[in-house]
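For reference, structure_2.pdb (PDB, C-alpha atoms):
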ATOM      1  CA  MET A  20      -4.839  68.438   9.461  1.00  0.00           C
ATOM      2  CA  ILE A  21      -5.206  66.075   6.519  1.00  0.00           C
ATOM      3  CA  LYS A  22      -6.686  62.676   7.257  1.00  0.00           C
ATOM      4  CA  GLY A  23      -7.583  59.897   4.883  1.00  0.00           C
ATOM      5  CA  THR A  24      -6.192  57.166   2.698  1.00  0.00           C
ATOM      6  CA  TYR A  25      -4.903  56.592  -0.810  1.00  0.00           C
ATOM      7  CA  LYS A  26      -4.310  53.583  -3.044  1.00  0.00           C
ATOM      8  CA  LEU A  27      -3.786  52.560  -6.635  1.00  0.00           C
ATOM      9  CA  ILE A  28      -7.010  52.340  -8.596  1.00  0.00           C
ATOM     10  CA  ASP A  29      -8.449  48.818  -8.761  1.00  0.00           C
ATOM     11  CA  ALA A  30      -7.785  48.587 -12.506  1.00  0.00           C
ATOM     12  CA  ILE A  31      -4.017  48.444 -11.816  1.00  0.00           C
ATOM     13  CA  ASP A  32      -2.931  44.944 -10.820  1.00  0.00           C
ATOM     14  CA  GLN A  33       0.848  45.314 -10.595  1.00  0.00           C
ATOM     15  CA  ARG A  34       3.310  47.143  -8.370  1.00  0.00           C
ATOM     16  CA  THR A  35       3.681  50.715  -9.555  1.00  0.00           C
ATOM     17  CA  THR A  36       6.246  53.359  -8.624  1.00  0.00           C
ATOM     18  CA  VAL A  37       5.150  56.988  -8.861  1.00  0.00           C
ATOM     19  CA  ASN A  38       6.979  60.301  -8.533  1.00  0.00           C
ATOM     20  CA  VAL A  39       5.749  62.502  -5.679  1.00  0.00           C
ATOM     21  CA  ALA A  40       6.705  65.719  -3.927  1.00  0.00           C
ATOM     22  CA  LYS A  41       6.817  66.095  -0.133  1.00  0.00           C
ATOM     23  CA  ARG A  42       7.606  68.994   2.145  1.00  0.00           C
ATOM     24  CA  LEU A  43       9.921  68.021   5.023  1.00  0.00           C
ATOM     25  CA  ASN A  44      10.939  70.751   7.492  1.00  0.00           C
ATOM     26  CA  GLY A  45       9.955  73.399   4.959  1.00  0.00           C
ATOM     27  CA  VAL A  46      12.057  71.885   2.161  1.00  0.00           C
ATOM     28  CA  VAL A  47      10.488  70.282  -0.916  1.00  0.00           C
ATOM     29  CA  HIS A  48      11.748  66.760  -1.617  1.00  0.00           C
ATOM     30  CA  TYR A  49      11.014  64.841  -4.805  1.00  0.00           C
ATOM     31  CA  GLY A  50      11.114  61.071  -4.717  1.00  0.00           C
ATOM     32  CA  HIS A  51       9.765  57.729  -5.820  1.00  0.00           C
ATOM     33  CA  LEU A  52       6.904  56.015  -4.011  1.00  0.00           C
ATOM     34  CA  PRO A  53       6.351  52.291  -4.686  1.00  0.00           C
ATOM     35  CA  LEU A  54       2.693  51.251  -4.355  1.00  0.00           C
ATOM     36  CA  LEU A  55       1.233  47.757  -4.221  1.00  0.00           C
ATOM     37  CA  PRO A  56      -2.157  46.964  -5.784  1.00  0.00           C
ATOM     38  CA  GLY A  57      -4.963  46.611  -3.249  1.00  0.00           C
ATOM     39  CA  LYS A  58      -2.958  48.078  -0.357  1.00  0.00           C
ATOM     40  CA  VAL A  59      -4.399  51.141   1.380  1.00  0.00           C
ATOM     41  CA  TYR A  60      -1.966  53.794   2.650  1.00  0.00           C
ATOM     42  CA  GLU A  61      -2.527  56.577   5.200  1.00  0.00           C
ATOM     43  CA  LEU A  62      -2.280  60.161   3.953  1.00  0.00           C
ATOM     44  CA  GLU A  63       0.473  62.324   5.360  1.00  0.00           C
ATOM     45  CA  ASP A  64      -0.294  65.773   6.739  1.00  0.00           C
ATOM     46  CA  ASP A  65       1.260  67.510   3.743  1.00  0.00           C
ATOM     47  CA  GLU A  66      -0.734  69.510   1.206  1.00  0.00           C
ATOM     48  CA  LEU A  67       2.043  69.262  -1.401  1.00  0.00           C
ATOM     49  CA  PHE A  68       2.090  65.457  -1.106  1.00  0.00           C
ATOM     50  CA  LEU A  69      -1.714  65.320  -1.383  1.00  0.00           C
ATOM     51  CA  ASN A  70      -1.711  67.501  -4.503  1.00  0.00           C
ATOM     52  CA  SER A  71       1.037  65.431  -6.132  1.00  0.00           C
ATOM     53  CA  LEU A  72      -1.001  62.250  -5.529  1.00  0.00           C
ATOM     54  CA  LYS A  73      -4.183  63.788  -6.949  1.00  0.00           C
ATOM     55  CA  SER A  74      -2.388  64.953 -10.096  1.00  0.00           C
ATOM     56  CA  LEU A  75      -0.894  61.555 -11.014  1.00  0.00           C
ATOM     57  CA  SER A  76      -2.333  60.375 -14.314  1.00  0.00           C
ATOM     58  CA  VAL A  77      -1.281  58.302 -17.291  1.00  0.00           C
ATOM     59  CA  THR A  78      -1.998  58.650 -20.990  1.00  0.00           C
ATOM     60  CA  LYS A  79      -2.073  55.489 -23.068  1.00  0.00           C
ATOM     61  CA  ASP A  80      -3.033  54.640 -26.611  1.00  0.00           C
ATOM     62  CA  SER A  81      -6.737  53.922 -26.749  1.00  0.00           C
ATOM     63  CA  THR A  82      -7.633  50.259 -27.185  1.00  0.00           C
ATOM     64  CA  LYS A  83     -10.966  48.542 -26.812  1.00  0.00           C
ATOM     65  CA  PRO A  84      -9.718  46.193 -24.026  1.00  0.00           C
ATOM     66  CA  LEU A  85      -8.290  49.145 -22.055  1.00  0.00           C
ATOM     67  CA  ILE A  86     -11.518  51.131 -22.293  1.00  0.00           C
ATOM     68  CA  GLU A  87     -13.579  48.073 -21.321  1.00  0.00           C
ATOM     69  CA  LYS A  88     -11.328  47.449 -18.295  1.00  0.00           C
ATOM     70  CA  LEU A  89     -11.535  51.070 -17.125  1.00  0.00           C
ATOM     71  CA  GLU A  90     -15.316  51.092 -17.540  1.00  0.00           C
ATOM     72  CA  SER A  91     -15.722  47.787 -15.680  1.00  0.00           C
ATOM     73  CA  TYR A  92     -13.820  49.233 -12.684  1.00  0.00           C
ATOM     74  CA  GLY A  93     -15.717  52.533 -12.865  1.00  0.00           C
ATOM     75  CA  VAL A  94     -12.602  54.596 -13.606  1.00  0.00           C
ATOM     76  CA  ASP A  95     -13.219  58.076 -15.016  1.00  0.00           C
ATOM     77  CA  PHE A  96     -11.152  58.719 -18.129  1.00  0.00           C
ATOM     78  CA  LYS A  97     -10.827  61.266 -20.906  1.00  0.00           C
ATOM     79  CA  GLU A  98     -10.395  60.370 -24.532  1.00  0.00           C
ATOM     80  CA  GLY A  99      -8.142  62.510 -26.657  1.00  0.00           C
ATOM     81  CA  SER A 100      -5.659  62.338 -29.475  1.00  0.00           C
ATOM     82  CA  ARG A 101      -2.015  63.052 -30.149  1.00  0.00           C
ATOM     83  CA  THR A 102       0.164  63.469 -33.197  1.00  0.00           C
ATOM     84  CA  CYS A 103       2.842  60.851 -33.774  1.00  0.00           C
ATOM     85  CA  CYS A 104       5.729  60.624 -36.195  1.00  0.00           C
ATOM     86  CA  GLY A 105       4.830  61.494 -39.751  1.00  0.00           C
ATOM     87  CA  GLY A 106       1.724  63.423 -38.697  1.00  0.00           C
ATOM     88  CA  ARG A 107      -0.286  60.313 -37.860  1.00  0.00           C
ATOM     89  CA  VAL A 108      -2.955  60.994 -35.210  1.00  0.00           C
ATOM     90  CA  THR A 109      -3.676  58.328 -32.590  1.00  0.00           C
ATOM     91  CA  LYS A 110      -6.493  58.182 -30.055  1.00  0.00           C
ATOM     92  CA  THR A 111      -5.508  58.266 -26.383  1.00  0.00           C
ATOM     93  CA  VAL A 112      -7.048  57.623 -22.974  1.00  0.00           C
ATOM     94  CA  THR A 113      -6.009  59.623 -19.888  1.00  0.00           C
ATOM     95  CA  TYR A 114      -6.954  58.611 -16.335  1.00  0.00           C
ATOM     96  CA  ASN A 115      -5.849  59.152 -12.741  1.00  0.00           C
ATOM     97  CA  ILE A 116      -4.026  56.210 -11.176  1.00  0.00           C
ATOM     98  CA  ILE A 117      -4.423  57.087  -7.476  1.00  0.00           C
ATOM     99  CA  GLU A 118      -7.689  56.993  -5.537  1.00  0.00           C
ATOM    100  CA  VAL A 119      -7.598  59.510  -2.660  1.00  0.00           C
ATOM    101  CA  ASN A 120     -10.199  59.337   0.125  1.00  0.00           C
ATOM    102  CA  GLN A 121     -10.098  62.290   2.499  1.00  0.00           C
ATOM    103  CA  SER A 122     -12.074  62.369   5.737  1.00  0.00           C
ATOM    104  CA  GLU A 123     -13.196  65.601   7.341  1.00  0.00           C
ATOM    105  CA  ASP A 124     -11.653  66.343  10.748  1.00  0.00           C
ATOM    106  CA  THR A 125     -14.485  67.188  13.127  1.00  0.00           C
TER     107      THR A 125
END
In structure tokens, what does this structure look like?
Amino acid sequence: MIKGTYKLIDAIDQRTTVNVAKRLNGVVHYGHLPLLPGKVYELEDDELFLNSLKSLSVTKDSTKPLIEKLESYGVDFKEGSRTCCGGRVTKTVTYNIIEVNQSEDT
């Protein structure tokens, strides 16, 4: 049985809707999940849902203010690059947007 909570990372200060997958009665359902900043939600007993939450990430163009904000909130991120139109290469930052806290069932 899965127990725990999830929430948007503290660096996100606006309502965010994410795409998740859930298994209901053996059937996979895809849907939208609106999340409010600062609100903690209970995990559902669904491994597919848990994995879809853990895999949610965003990639944005790297800017100094964004990196400073992520660092100030202690968010782990990866820096990378991507090719844009005309072959121009831009720096990017990728980070997970959901914080999942699982508790062990004893």
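Put simply, atom CA of A:Val112 is 4.6 Å away from atom CA of A:Glu98.
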Discussion item. Using all atoms listed in the file for the distances, tell me which of A:Lys110, A:Asp29, A:Glu118, A:Gly23 is nearest to A:Lys79.
Written reply: A:Lys110
Practice prompt. Return the single residue from A:Lys58, A:Lys83, A:Arg107, A:Lys88 that is closest to A:Lys26, with distances computed using all atoms listed in the file.
Written response: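 Closest to A:Lys26, using all atoms listed in the file: A:Lys58.
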Worksheet entry | Straight-line distance linking atom CA of A:Val39 with atom CA of A:Glu90, stated in Å to one decimal |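 Value for the atom CA of A:Val39-atom CA of A:Glu90 distance: 26.7 Å.
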Fill in: Nearest to A:Gly45, chosen from A:Leu67, A:Leu62, A:Gly106, A:Ser122, with all atoms listed in the file counted in the distances
A:Leu67
Discussion item. I'd like to know which of A:Arg42, A:Tyr92, A:Met20, A:Ser81 is closest to A:Val108, using all atoms listed in the file.
Written reply: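 Of all the options, A:Ser81 lies closest to A:Val108.
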Worksheet entry | Non-local contacts of stretch 47-53 of chain A (6 Å; all atoms listed in the file; under 4 positions in same chain excluded) as JSON, numbers by chain | {"A": [35, 36, 37, 38, 39, 40, 41, 42]}
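What separates atom CA of A:Gly93 from atom CA of A:Leu54 is a distance of 20.3 Å.
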Discussion item. Just checking: using only C-alpha atoms, which residue out of A:Gln33, A:Thr82, A:Asn44, A:Ser74 ends up closest to A:Pro56?
Written reply: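 Result for the nearest residue to A:Pro56: A:Gln33.
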Worksheet entry | Using only C-alpha atoms: which of A:Leu43, A:Leu69, A:Ile28, A:Val59 has the shortest distance to A:Tyr114 |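 Looking only at the distances to A:Tyr114, the closest residue turns out to be A:Ile28.
Taking only C-alpha atoms into account, the protein, DNA and RNA residues within 7 Å of (-5.7, 59.3, 1.7) read Lys22, Gly23, Thr24, Tyr25, Tyr60, Glu61, Leu62, Val119, Asn120 and Gln121 of chain A.
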Worksheet item: Could you name the residues that touch A:Thr111 at 12 Å or less, counting only C-alpha atoms, but leaving out those on the same chain fewer than 5 positions away, as a list in words?
Response: Val77, Thr78, Lys79, Asp80, Ser81, Thr82, Lys83, Leu85, Ile86, Phe96, Lys97, Glu98, Gly99, Ser100, Arg101, Thr102 and Cys103 of chain A
Centre, edges in Å (one decimal): axis-aligned box, stretch 102-119 of chain A, 3 Å padding on all six sides, as JSON:
{"center_x": -1.0, "center_y": 59.8, "center_z": -21.2, "size_x": 19.4, "size_y": 13.3, "size_z": 43.1}
